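Below: the structure, in structure tokens.
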Amino acid sequence: MAIAAPEVASAIGDRHTLISVTDDEIVPGSDQGDQAATLVLLHSHDRSATVEAHGRDSRVVEVVSRPAGADQPPLAVDEKHRATEVARSHCEAVGGDRIDQLEGFVILSVESDGTHHDSRVADVSSHVDHVARPELLTWVDLTAETVLRAEVDR
């Protein structure tokens with residue numbers, strides 16, 4: 001089942017991230033025998049939505065799209081790298097002189113009440129190492145590829 005299938009492509013737009021592919025479910029009882037089921041999970045940055053593409057035997061059978069504010073999967077590795085790049089670029093642009101000495105740690109951001117943002121937001125904390133206190137905290141909107149807020153911890 002391809003991301004390029006027309007119904008999937010229209011749901012995800014041009015800017016999207018593949019989150020996961022699950023290929024292990026078997027659906028019994030069809031007139032053609034058992035069918036392999038596939039779930040492709042994506043996040044559309046163009047549409048600010050989580051997209052599930054359900055397939056059977058390499059064909060798309062259903063596409064489900066949910067707004068980012070309703071539900072979001074964990075960040076993909078590519079998204080974590082992009083969030084770190086955006087945070088670093090921002091820090092360099094405002095004169096941050098230590099950013100090259102720091103390592104970025106990234107998690108999916110949620111609102112204070114635990115609900116999801118209406119866009120894909122990552123919290124990037126930058127530390128000398130994983131046990132050190134963060135020196136820079138950056139909230140990166142991956143949908144808009146902008147920094148929402150940055151704080152230097154002194």
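Following the order of the structure tokens, chains are lettered A, B, ..., residues in each are numbered from 1, and ligands are numbered from 1.
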Q) Contacts of Val21 in chain A at 8 Å or less, counting only C-alpha atoms, minus same-chain residues fewer than 5 places along, as number ranges by chain? A) A: 38-41
Q. Would you give me, as a VMD selection string, the residues in chain A that DSSP reads as strand (DSSP E)?
A. chain A and resid 16 to 30 33 to 44 49 to 56 59 to 67 103 to 108 121 to 127 136 to 141 146 to 152
Q.
With distances taken over only C-alpha atoms, which residue among A:Gly96, A:Gly55, A:Gly104, A:Pro134 lies nearest Lys80 in chain A?
A. A:Gly104
Q: Write out as a ChimeraX atom specification the residues lying within 9 Å of range 45-54 of chain A, counting only C-alpha atoms and excluding same-chain residues fewer than 4 positions away.
A: /A:1,3,7-8,11-17,37-41,59-73,118-120,142-144
Using only C-alpha atoms, please write the residues we just selected to a file, as a compact mmCIF listing (two decimals), in the first residue's frame.
```txt
# COMPACT_ATOMS: atom_id res chain seq x y z
CA MET A 1 0.00 0.00 0.00
CA ILE A 3 1.50 6.69 0.40
CA GLU A 7 -6.88 9.01 -1.40
CA VAL A 8 -3.86 8.98 0.93
CA ALA A 11 -5.32 13.49 2.92
CA ILE A 12 -1.65 14.16 3.75
CA GLY A 13 -0.66 16.90 1.30
CA ASP A 14 2.96 17.63 0.39
CA ARG A 15 4.44 18.07 3.89
CA HIS A 16 3.96 14.95 5.98
CA THR A 17 5.84 12.51 8.17
CA ALA A 37 -4.00 -5.88 6.86
CA THR A 38 -1.74 -2.84 6.99
CA LEU A 39 -2.02 0.37 8.98
CA VAL A 40 0.07 3.33 7.82
CA LEU A 41 0.14 6.17 10.35
CA ARG A 59 -4.93 -1.75 -1.50
CA VAL A 60 -6.16 1.25 0.47
CA VAL A 61 -9.58 0.48 1.92
CA GLU A 62 -10.05 3.41 4.30
CA VAL A 63 -8.40 6.73 5.13
CA VAL A 64 -9.18 8.36 8.47
CA SER A 65 -8.04 11.90 9.25
CA ARG A 66 -8.24 13.53 12.70
CA PRO A 67 -7.31 17.14 13.48
CA ALA A 68 -4.11 17.62 15.46
CA GLY A 69 -6.05 19.06 18.37
CA ALA A 70 -8.00 15.81 18.72
CA ASP A 71 -5.14 13.31 18.66
CA GLN A 72 -1.46 13.06 17.74
CA PRO A 73 0.93 10.13 17.55
CA ASP A 118 -3.88 22.42 17.18
CA SER A 119 -0.55 22.05 15.39
CA ARG A 120 2.45 19.74 15.79
CA LEU A 142 6.68 21.81 13.32
CA THR A 143 3.58 22.64 11.29
CA ALA A 144 4.72 26.24 10.73
```
